[in-house]
Structures are given as C-alpha cells and as structure tokens.
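Student: See query36.cif below, with mmCIF, C-alpha atoms, pLDDT in the B column; chains and numbers go by the auth columns.
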data_model
loop_
_atom_site.group_PDB
_atom_site.id
_atom_site.type_symbol
_atom_site.label_atom_id
_atom_site.label_comp_id
_atom_site.label_asym_id
_atom_site.label_seq_id
_atom_site.Cartn_x
_atom_site.Cartn_y
_atom_site.Cartn_z
_atom_site.B_iso_or_equiv
_atom_site.auth_seq_id
_atom_site.auth_asym_id
ATOM 1 C CA MET A 1 -55.724 -12.946 -7.321 75.00 219 A
ATOM 2 C CA ASN A 2 -53.545 -13.667 -10.334 82.00 220 A
ATOM 3 C CA ALA A 3 -54.199 -12.722 -13.951 88.00 221 A
ATOM 4 C CA SER A 4 -55.373 -16.175 -15.056 89.00 222 A
ATOM 5 C CA GLU A 5 -57.979 -16.318 -12.274 90.00 223 A
ATOM 6 C CA LEU A 6 -59.227 -12.841 -13.193 91.00 224 A
ATOM 7 C CA GLU A 7 -59.416 -13.857 -16.852 93.00 225 A
ATOM 8 C CA ARG A 8 -61.425 -16.960 -15.872 94.00 226 A
ATOM 9 C CA LEU A 9 -63.861 -14.804 -13.884 94.00 227 A
ATOM 10 C CA LYS A 10 -64.102 -12.319 -16.740 95.00 228 A
ATOM 11 C CA THR A 11 -64.986 -15.137 -19.140 96.00 229 A
ATOM 12 C CA LYS A 12 -67.776 -16.272 -16.819 96.00 230 A
ATOM 13 C CA MET A 13 -69.082 -12.702 -16.583 96.00 231 A
ATOM 14 C CA GLU A 14 -69.049 -11.916 -20.336 97.00 232 A
ATOM 15 C CA GLY A 15 -72.844 -12.011 -20.597 97.00 233 A
ATOM 16 C CA VAL A 16 -73.292 -9.704 -17.625 97.00 234 A
ATOM 17 C CA LEU A 17 -70.611 -7.323 -18.943 98.00 235 A
ATOM 18 C CA GLN A 18 -72.287 -7.183 -22.357 98.00 236 A
ATOM 19 C CA ASN A 19 -75.691 -6.655 -20.767 97.00 237 A
ATOM 20 C CA LYS A 20 -74.377 -3.770 -18.633 98.00 238 A
ATOM 21 C CA ALA A 21 -72.727 -2.177 -21.698 98.00 239 A
ATOM 22 C CA GLU A 22 -76.038 -2.394 -23.573 98.00 240 A
ATOM 23 C CA GLU A 23 -77.802 -0.803 -20.595 98.00 241 A
ATOM 24 C CA PHE A 24 -75.407 2.153 -20.742 98.00 242 A
ATOM 25 C CA HIS A 25 -75.862 2.348 -24.537 98.00 243 A
ATOM 26 C CA PHE A 26 -79.613 2.619 -23.942 97.00 244 A
ATOM 27 C CA PHE A 27 -78.959 5.747 -21.875 96.00 245 A
ATOM 28 C CA GLY A 28 -76.953 7.289 -24.724 97.00 246 A
ATOM 29 C CA TYR A 29 -73.410 6.257 -23.801 96.00 247 A
ATOM 30 C CA GLU A 30 -72.691 4.331 -27.004 96.00 248 A
ATOM 31 C CA SER A 31 -68.908 4.213 -26.570 96.00 249 A
ATOM 32 C CA VAL A 32 -68.942 2.205 -23.308 97.00 250 A
ATOM 33 C CA THR A 33 -67.316 -1.202 -23.731 97.00 251 A
ATOM 34 C CA PRO A 34 -67.550 -4.368 -21.647 98.00 252 A
ATOM 35 C CA GLU A 35 -63.772 -4.080 -21.070 97.00 253 A
ATOM 36 C CA GLU A 36 -64.177 -0.628 -19.484 97.00 254 A
ATOM 37 C CA ILE A 37 -66.969 -1.930 -17.272 98.00 255 A
ATOM 38 C CA TRP A 38 -64.729 -4.824 -16.219 97.00 256 A
ATOM 39 C CA ARG A 39 -61.841 -2.497 -15.316 96.00 257 A
ATOM 40 C CA CYS A 40 -64.196 -0.199 -13.394 97.00 258 A
ATOM 41 C CA THR A 41 -65.641 -3.117 -11.451 95.00 259 A
ATOM 42 C CA LEU A 42 -62.175 -4.404 -10.536 93.00 260 A
ATOM 43 C CA TYR A 43 -61.217 -0.905 -9.371 93.00 261 A
ATOM 44 C CA VAL A 44 -64.315 -0.624 -7.176 91.00 262 A
ATOM 45 C CA MET A 45 -63.841 -4.089 -5.689 91.00 263 A
ATOM 46 C CA ASN A 46 -60.158 -3.440 -4.959 89.00 264 A
ATOM 47 C CA LYS A 47 -61.022 -0.098 -3.373 90.00 265 A
ATOM 48 C CA LYS A 48 -63.617 -1.750 -1.131 86.00 266 A
ATOM 49 C CA LYS A 49 -61.177 -4.601 -0.416 86.00 267 A
ATOM 50 C CA VAL A 50 -63.826 -7.146 -1.408 76.00 268 A
ATOM 51 C CA ASP A 51 -62.808 -10.727 -2.187 78.00 269 A
ATOM 52 C CA MET A 52 -63.159 -11.577 -5.859 80.00 270 A
ATOM 53 C CA GLN A 53 -65.702 -14.352 -5.529 88.00 271 A
ATOM 54 C CA LEU A 54 -68.032 -15.055 -8.422 91.00 272 A
ATOM 55 C CA HIS A 55 -71.227 -14.059 -6.603 92.00 273 A
ATOM 56 C CA GLN A 56 -69.684 -10.812 -5.294 92.00 274 A
ATOM 57 C CA LEU A 57 -68.374 -9.939 -8.743 92.00 275 A
ATOM 58 C CA ALA A 58 -71.779 -10.595 -10.308 94.00 276 A
ATOM 59 C CA SER A 59 -73.464 -8.456 -7.656 94.00 277 A
ATOM 60 C CA GLN A 60 -71.010 -5.599 -8.181 94.00 278 A
ATOM 61 C CA LEU A 61 -71.519 -5.715 -11.951 95.00 279 A
ATOM 62 C CA LEU A 62 -75.294 -5.841 -11.741 95.00 280 A
ATOM 63 C CA ASN A 63 -75.386 -2.961 -9.248 96.00 281 A
ATOM 64 C CA LEU A 64 -72.902 -0.728 -11.086 97.00 282 A
ATOM 65 C CA ARG A 65 -74.572 2.633 -11.611 97.00 283 A
ATOM 66 C CA LEU A 66 -73.900 4.871 -14.567 96.00 284 A
ATOM 67 C CA THR A 67 -72.802 7.703 -12.263 96.00 285 A
ATOM 68 C CA ASP A 68 -70.224 5.451 -10.571 96.00 286 A
ATOM 69 C CA PHE A 69 -68.925 4.363 -13.960 97.00 287 A
ATOM 70 C CA MET A 70 -68.657 7.946 -15.219 96.00 288 A
ATOM 71 C CA ASN A 71 -66.818 9.005 -12.037 96.00 289 A
ATOM 72 C CA TRP A 72 -64.335 6.165 -12.563 97.00 290 A
ATOM 73 C CA LEU A 73 -63.928 7.141 -16.226 96.00 291 A
ATOM 74 C CA MET A 74 -63.168 10.762 -15.298 96.00 292 A
ATOM 75 C CA LEU A 75 -60.675 9.630 -12.659 95.00 293 A
ATOM 76 C CA GLU A 76 -58.910 7.435 -15.230 94.00 294 A
ATOM 77 C CA ALA A 77 -58.767 10.335 -17.711 92.00 295 A
ATOM 78 C CA TYR A 78 -57.285 12.582 -15.024 93.00 296 A
ATOM 79 C CA LYS A 79 -54.667 9.960 -14.144 90.00 297 A
ATOM 80 C CA ARG A 80 -53.692 9.659 -17.830 87.00 298 A
ATOM 81 C CA ASP A 81 -53.351 13.437 -18.143 87.00 299 A
ATOM 82 C CA VAL A 82 -51.199 13.702 -15.029 87.00 300 A
ATOM 83 C CA LYS A 83 -49.021 10.818 -16.178 81.00 301 A
ATOM 84 C CA LYS A 84 -48.667 12.380 -19.650 81.00 302 A
ATOM 85 C CA GLU A 85 -47.601 15.710 -18.108 79.00 303 A
ATOM 86 C CA GLY A 86 -45.026 13.976 -15.962 75.00 304 A
ATOM 87 C CA GLY A 87 -46.985 14.335 -12.746 61.00 305 A
ATOM 88 C CA VAL A 88 -46.598 18.118 -12.566 56.00 306 A
ATOM 89 C CA ASN A 89 -49.670 20.274 -12.127 55.00 307 A
ATOM 90 C CA GLN A 90 -50.047 22.977 -14.805 53.00 308 A
ATOM 91 C CA GLN A 91 -50.395 25.723 -12.163 51.00 309 A
ATOM 92 C CA GLU A 92 -47.105 24.695 -10.566 52.00 310 A
ATOM 93 C CA LYS A 93 -45.346 25.330 -13.897 51.00 311 A
ATOM 94 C CA MET A 94 -46.411 28.983 -13.919 44.00 312 A
#
Please, can you express the file's structure as structure tokens?
Tutor:
Amino acid sequence: MNASELERLKTKMEGVLQNKAEEFHFFGYESVTPEEIWRCTLYVMNKKKVDMQLHQLASQLLNLRLTDFMNWLMLEAYKRDVKKEGGVNQQEKM
C-alpha cells in the first residue's frame, strides 16, 4: 500500500484515533498521541500480514490494548537507542 492510500485511510480513521488516544489519557497516559497509535497499528497489521482494508484497520484500532501499545512503544525506544549507538551493544564494548 502506498503512502497516499495510507494517508487516505488515516484521514478516515481520525475520529477513532482521537478516541483511542483519549481512552489512554483516561488511564493516565497523557502523552499518547493519535499519530503514535496510528504507527503502532500499522506495525501490528504489518507484523500480522493483514491487508489494510478499512474494516480491518478500524477493528485493529478499536481492539488495541494499552499493554500492546506500551510494548510497541518500548520496542521503538529500544530501536532508537540501538540506532543511536551505532548498533553495538554496550556490553560488547567492554
């Protein structure tokens, strides 16, 4: 799926994304943004090799659990740290 098609789907899902962000805010995670939820959902759908159809995307968004989102967020933070360090584990440097 190309970028313009993904952007079109994202536009259609703006209300759902905002609603999910507000749900996470209710549980005390005030810094969660609709953009992060979108990226997490795309990651999960790509990992499951699910077609990006509107109804499947809506289902994935509505069923996204806070624990799944936090796991994705930690994975992304780890990837950033590894990339920043040049891909070398700190213990390997010692």
Student: Could you pull the residues within 8 Å of Met270 of chain A, counting only C-alpha atoms, minus those fewer than 5 positions along the same chain, as a list in words?
Tutor: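 The residues that qualify are Met219, Met263 and Leu275 of chain A.
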Student: Closest to Leu279 of chain A among A:Lys301, A:Arg226, A:Arg257, A:Lys266, using all atoms listed in the file?
Tutor: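 For Leu279 of chain A, the nearest of the given residues is A:Arg257.
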Student: Rounded to one decimal in Å, what is the spacing between atom CA of Pro252 of chain A and atom CA of Asn237 of chain A?
Tutor: 8.5 Å
Student: Dig up all the protein and nucleic acid residues within 12 Å of (-58.2, -15.5, -11.6) in the file frame, using all atoms listed in the file, and format them as a list in words.
Tutor: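 Output: Met219, Asn220, Ala221, Ser222, Glu223, Leu224, Glu225, Arg226, Leu227, Lys228, Thr229, Lys230, Leu260, Asp269, Met270, Gln271, Leu272 and Leu275 of chain A.
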Student: Could you list, as a count of residues only, every residue matched by the PyMOL selection byres ((chain A and resi 241-247) around 12) in this structure?
Tutor: 24
Student: Which residue out of A:Thr259, A:Met231, A:Glu253, A:Lys302 has the minimum interatomic distance to Trp290 of chain A when all atoms listed in the file are used?
Tutor: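 Smallest distance to Trp290 of chain A is found for A:Thr259.
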Student: Do you have the atom CA of Gly233 of chain A-atom CA of Leu291 of chain A distance handy?
Tutor: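 Computing the Euclidean distance for atom CA of Gly233 of chain A and atom CA of Leu291 of chain A yields 21.6 Å.
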Student: Axis-aligned box over every listed atom of segment 232-248 of chain A, padded by 3 Å per side: centre and edges in Å to one decimal, as lines of an AutoDock Vina configuration file?
Tutor:
center_x = -74.3
center_y = -2.4
center_z = -22.3
size_x = 16.6
size_y = 25.3
size_z = 15.4
Student: Have a look at atom CA of Gly304 of chain A and atom CA of Lys265 of chain A and let me know their distance in Å, one decimal.
Tutor: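 Value for the atom CA of Gly304 of chain A-atom CA of Lys265 of chain A distance: 24.7 Å.
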Student: Could you check the closest approach to Leu293 of chain A for each of A:His273, A:Gln278, A:Val268, A:Cys258 and tell me which residue wins, using all atoms listed in the file?
Tutor: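 Residue with the minimum atom-to-atom distance to Leu293 of chain A: A:Cys258.
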